[in-house]
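Student: One structure coming up, written as structure tokens, with questions to follow.
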Amino acid sequence: MSFSLQRPRWVPVLAWLLAAFFVFGAVGNLLAPPDIAESYRRWGYPDWFHVVTGVLELAAAGLLAWRRARPVGAGLAATVMGAAVLTVLLHRDWGHLPPPLTVLALSVLAGWGALRSGRA
């Protein structure tokens with residue numbers, strides 16, 4: 001696989017990897033085991049907010065997987081991860097910062113690549 005700015009062949013691979021990540025995250029948020037529910041409480045979110053997050057993550061995953069909607073999916077994914085980054089920054093929960101920051105950057109990269117290729 002070569003890296004090309006003209007036709008980024010890595011965009012579909014990255015989009016599918018992100019989609020898988022968001023499906024996994026959505027399942028965790030929708031089921032909300034005690035550690036996830038406790039994190040939401042500690043951050044000051046209402047008890048039902050994990051469901052909103054899970055639904056948005058599922059939507060992002062579906063849109064990332066759909067070639068024509070990939071830029072929108074990447075935008076939604078970046079928005080969800082941006083909110084996660086802001087949450088952990090505001091609460092100085094540094095241990096939770098690397099994953100959402102990394103996925104935010106990858107979502108922006110996937111969106112840029114999808115828009116650049118016009119057919120990702």
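Labeling convention for the structure tokens: chains A, B, ... as they appear, residues from 1 per chain, ligands from 1 in order of appearance.
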Find the nearest atom pair between each residue of range 6-95 of chain A and range 109-112 of chain A for residues within 8 Å, count only C-alpha atoms, give distances in Å to one decimal, sort rows by chain and ascending number, and present the table as JSON lines.

Tutor:
```
{"residue": "A:Val11", "atom": "CA", "partner": "A:Ala110", "partner_atom": "CA", "distance": 5.8}
{"residue": "A:Leu14", "atom": "CA", "partner": "A:Ala110", "partner_atom": "CA", "distance": 6.4}
{"residue": "A:Ala15", "atom": "CA", "partner": "A:Ala110", "partner_atom": "CA", "distance": 6.2}
{"residue": "A:Arg70", "atom": "CA", "partner": "A:Gly111", "partner_atom": "CA", "distance": 7.0}
{"residue": "A:Pro71", "atom": "CA", "partner": "A:Gly111", "partner_atom": "CA", "distance": 4.7}
{"residue": "A:Val72", "atom": "CA", "partner": "A:Gly111", "partner_atom": "CA", "distance": 7.6}
{"residue": "A:Gly73", "atom": "CA", "partner": "A:Gly111", "partner_atom": "CA", "distance": 7.8}
{"residue": "A:Ala74", "atom": "CA", "partner": "A:Gly111", "partner_atom": "CA", "distance": 4.9}
{"residue": "A:Gly75", "atom": "CA", "partner": "A:Gly111", "partner_atom": "CA", "distance": 6.6}
```

Student: Store the residues picked out above, limited to all heavy atoms, as a PDB file, in the first residue's frame.

Tutor:
```pdb
ATOM      1  N   VAL A  11      -7.502   5.574   3.027  1.00  0.00           N
ATOM      2  CA  VAL A  11      -8.717   6.124   3.625  1.00  0.00           C
ATOM      3  C   VAL A  11      -9.744   5.031   3.940  1.00  0.00           C
ATOM      4  O   VAL A  11     -10.268   4.989   5.054  1.00  0.00           O
ATOM      5  CB  VAL A  11      -9.325   7.243   2.754  1.00  0.00           C
ATOM      6  CG1 VAL A  11     -10.684   7.678   3.285  1.00  0.00           C
ATOM      7  CG2 VAL A  11      -8.377   8.422   2.691  1.00  0.00           C
ATOM      8  N   LEU A  14      -8.524   3.053   7.000  1.00  0.00           N
ATOM      9  CA  LEU A  14      -8.652   3.843   8.228  1.00  0.00           C
ATOM     10  C   LEU A  14     -10.119   3.998   8.616  1.00  0.00           C
ATOM     11  O   LEU A  14     -10.475   3.869   9.791  1.00  0.00           O
ATOM     12  CB  LEU A  14      -7.990   5.211   8.046  1.00  0.00           C
ATOM     13  CG  LEU A  14      -8.082   6.170   9.235  1.00  0.00           C
ATOM     14  CD1 LEU A  14      -7.497   5.547  10.504  1.00  0.00           C
ATOM     15  CD2 LEU A  14      -7.387   7.483   8.899  1.00  0.00           C
ATOM     16  N   ALA A  15     -10.978   4.243   7.651  1.00  0.00           N
ATOM     17  CA  ALA A  15     -12.406   4.413   7.941  1.00  0.00           C
ATOM     18  C   ALA A  15     -12.998   3.146   8.554  1.00  0.00           C
ATOM     19  O   ALA A  15     -13.769   3.220   9.520  1.00  0.00           O
ATOM     20  CB  ALA A  15     -13.159   4.797   6.669  1.00  0.00           C
ATOM     21  N   ARG A  70     -18.866   8.870   4.191  1.00  0.00           N
ATOM     22  CA  ARG A  70     -17.642   8.830   4.992  1.00  0.00           C
ATOM     23  C   ARG A  70     -17.209  10.185   5.546  1.00  0.00           C
ATOM     24  O   ARG A  70     -16.855  10.281   6.723  1.00  0.00           O
ATOM     25  CB  ARG A  70     -16.530   8.176   4.182  1.00  0.00           C
ATOM     26  CG  ARG A  70     -15.399   7.695   5.024  1.00  0.00           C
ATOM     27  CD  ARG A  70     -14.567   6.669   4.286  1.00  0.00           C
ATOM     28  NE  ARG A  70     -15.271   5.393   4.292  1.00  0.00           N
ATOM     29  CZ  ARG A  70     -15.139   4.457   3.360  1.00  0.00           C
ATOM     30  NH1 ARG A  70     -14.341   4.654   2.335  1.00  0.00           N
ATOM     31  NH2 ARG A  70     -15.794   3.327   3.459  1.00  0.00           N
ATOM     32  N   PRO A  71     -17.243  11.257   4.756  1.00  0.00           N
ATOM     33  CA  PRO A  71     -16.856  12.550   5.346  1.00  0.00           C
ATOM     34  C   PRO A  71     -17.771  12.973   6.509  1.00  0.00           C
ATOM     35  O   PRO A  71     -17.307  13.509   7.512  1.00  0.00           O
ATOM     36  CB  PRO A  71     -16.967  13.530   4.175  1.00  0.00           C
ATOM     37  CG  PRO A  71     -16.801  12.680   2.955  1.00  0.00           C
ATOM     38  CD  PRO A  71     -17.449  11.367   3.298  1.00  0.00           C
ATOM     39  N   VAL A  72     -19.068  12.716   6.377  1.00  0.00           N
ATOM     40  CA  VAL A  72     -20.008  13.043   7.450  1.00  0.00           C
ATOM     41  C   VAL A  72     -19.726  12.165   8.669  1.00  0.00           C
ATOM     42  O   VAL A  72     -19.734  12.647   9.808  1.00  0.00           O
ATOM     43  CB  VAL A  72     -21.469  12.877   6.972  1.00  0.00           C
ATOM     44  CG1 VAL A  72     -22.447  13.092   8.112  1.00  0.00           C
ATOM     45  CG2 VAL A  72     -21.758  13.827   5.830  1.00  0.00           C
ATOM     46  N   GLY A  73     -19.465  10.884   8.433  1.00  0.00           N
ATOM     47  CA  GLY A  73     -19.140   9.972   9.529  1.00  0.00           C
ATOM     48  C   GLY A  73     -17.877  10.391  10.254  1.00  0.00           C
ATOM     49  O   GLY A  73     -17.808  10.348  11.488  1.00  0.00           O
ATOM     50  N   ALA A  74     -16.882  10.809   9.488  1.00  0.00           N
ATOM     51  CA  ALA A  74     -15.637  11.268  10.106  1.00  0.00           C
ATOM     52  C   ALA A  74     -15.886  12.537  10.910  1.00  0.00           C
ATOM     53  O   ALA A  74     -15.318  12.711  12.001  1.00  0.00           O
ATOM     54  CB  ALA A  74     -14.573  11.509   9.035  1.00  0.00           C
ATOM     55  N   GLY A  75     -16.752  13.411  10.403  1.00  0.00           N
ATOM     56  CA  GLY A  75     -17.095  14.623  11.141  1.00  0.00           C
ATOM     57  C   GLY A  75     -17.817  14.318  12.444  1.00  0.00           C
ATOM     58  O   GLY A  75     -17.516  14.906  13.489  1.00  0.00           O
TER      59      GLY A  75
END
```

Student: When you look at range 98-107 of chain A with a cut-off of 6 Å (counting only C-alpha atoms), what residues show up, excluding the ones that are within fewer than 5 positions of it in the same chain? I need them as number ranges by chain.

Tutor: A: 74, 78, 81, 85

Student: Take the residues just selected and output them with C-alpha atoms as an mmCIF file, in the first residue's frame.

Tutor:
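Output contents, as saved in result_14.cif:
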```
data_model
loop_
_atom_site.group_PDB
_atom_site.id
_atom_site.type_symbol
_atom_site.label_atom_id
_atom_site.label_comp_id
_atom_site.auth_asym_id
_atom_site.auth_seq_id
_atom_site.Cartn_x
_atom_site.Cartn_y
_atom_site.Cartn_z
ATOM 1 C CA ALA A 74 -15.637 11.268 10.106
ATOM 2 C CA ALA A 78 -14.442 13.823 15.400
ATOM 3 C CA MET A 81 -14.106 12.451 20.278
ATOM 4 C CA VAL A 85 -11.254 15.258 24.877
#
```

Student: Which residues, written as an MDAnalysis selection string, have at least one atom at most 12 Å from range 58-63 of chain A, with only C-alpha atoms counted and residues fewer than 2 positions away on the same chain left out?

Tutor: chainID A and resid 14:30 51:56 65:81 107 111 114

Student: Taking only residues of range 90-117 of chain A that have an atom at most 10 Å from an atom of range 41-46 of chain A, what is each one's shortest atom pair and its distance in Å to one decimal, using only C-alpha atoms, in chain and number order, as a Markdown table?

Tutor:
```
| residue | atom | partner | partner_atom | distance |
| --- | --- | --- | --- | --- |
| A:Leu90 | CA | A:Trp43 | CA | 8.9 |
| A:His91 | CA | A:Trp43 | CA | 6.8 |
| A:Asp93 | CA | A:Trp43 | CA | 9.3 |
```

Student: Please, could you write that set of residues out with all heavy atoms as an mmCIF file, in the first residue's frame?

Tutor:
```
data_model
loop_
_atom_site.group_PDB
_atom_site.id
_atom_site.type_symbol
_atom_site.label_atom_id
_atom_site.label_comp_id
_atom_site.auth_asym_id
_atom_site.auth_seq_id
_atom_site.Cartn_x
_atom_site.Cartn_y
_atom_site.Cartn_z
ATOM 1 N N LEU A 90 -11.296 19.148 30.965
ATOM 2 C CA LEU A 90 -11.976 19.947 31.984
ATOM 3 C C LEU A 90 -11.896 19.311 33.367
ATOM 4 O O LEU A 90 -11.859 20.009 34.376
ATOM 5 C CB LEU A 90 -13.435 20.177 31.598
ATOM 6 C CG LEU A 90 -13.656 21.139 30.428
ATOM 7 C CD1 LEU A 90 -15.125 21.146 30.012
ATOM 8 C CD2 LEU A 90 -13.205 22.549 30.794
ATOM 9 N N HIS A 91 -11.877 17.989 33.407
ATOM 10 C CA HIS A 91 -11.846 17.274 34.676
ATOM 11 C C HIS A 91 -10.439 16.808 35.053
ATOM 12 O O HIS A 91 -10.273 16.090 36.031
ATOM 13 C CB HIS A 91 -12.837 16.100 34.648
ATOM 14 C CG HIS A 91 -14.247 16.565 34.572
ATOM 15 N ND1 HIS A 91 -14.974 16.911 35.683
ATOM 16 C CD2 HIS A 91 -15.057 16.806 33.510
ATOM 17 C CE1 HIS A 91 -16.173 17.320 35.319
ATOM 18 N NE2 HIS A 91 -16.246 17.270 33.993
ATOM 19 N N ASP A 93 -8.589 14.617 33.914
ATOM 20 C CA ASP A 93 -8.554 13.158 33.993
ATOM 21 C C ASP A 93 -7.546 12.670 32.954
ATOM 22 O O ASP A 93 -7.891 12.048 31.949
ATOM 23 C CB ASP A 93 -9.956 12.608 33.722
ATOM 24 C CG ASP A 93 -10.117 11.172 34.137
ATOM 25 O OD1 ASP A 93 -9.116 10.533 34.485
ATOM 26 O OD2 ASP A 93 -11.270 10.699 34.107
#
```

Student: Looking at only C-alpha atoms, which of A:Leu86, A:Ala37, A:Trp10, A:Gly118 is the one that sits closest to His50 in chain A?

Tutor: A:Ala37

Student: To one decimal place in Å, what is the distance between CA of Leu115 in chain A and CA of Thr87 in chain A?

Tutor: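 Taking CA of Leu115 in chain A as the start and CA of Thr87 in chain A as the end point, the length is 28.2 Å.
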
Student: How many Å separate CA of Glu38 in chain A from CA of Gly82 in chain A?

Tutor: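 One can read the CA of Glu38 in chain A to CA of Gly82 in chain A distance as 20.4 Å.
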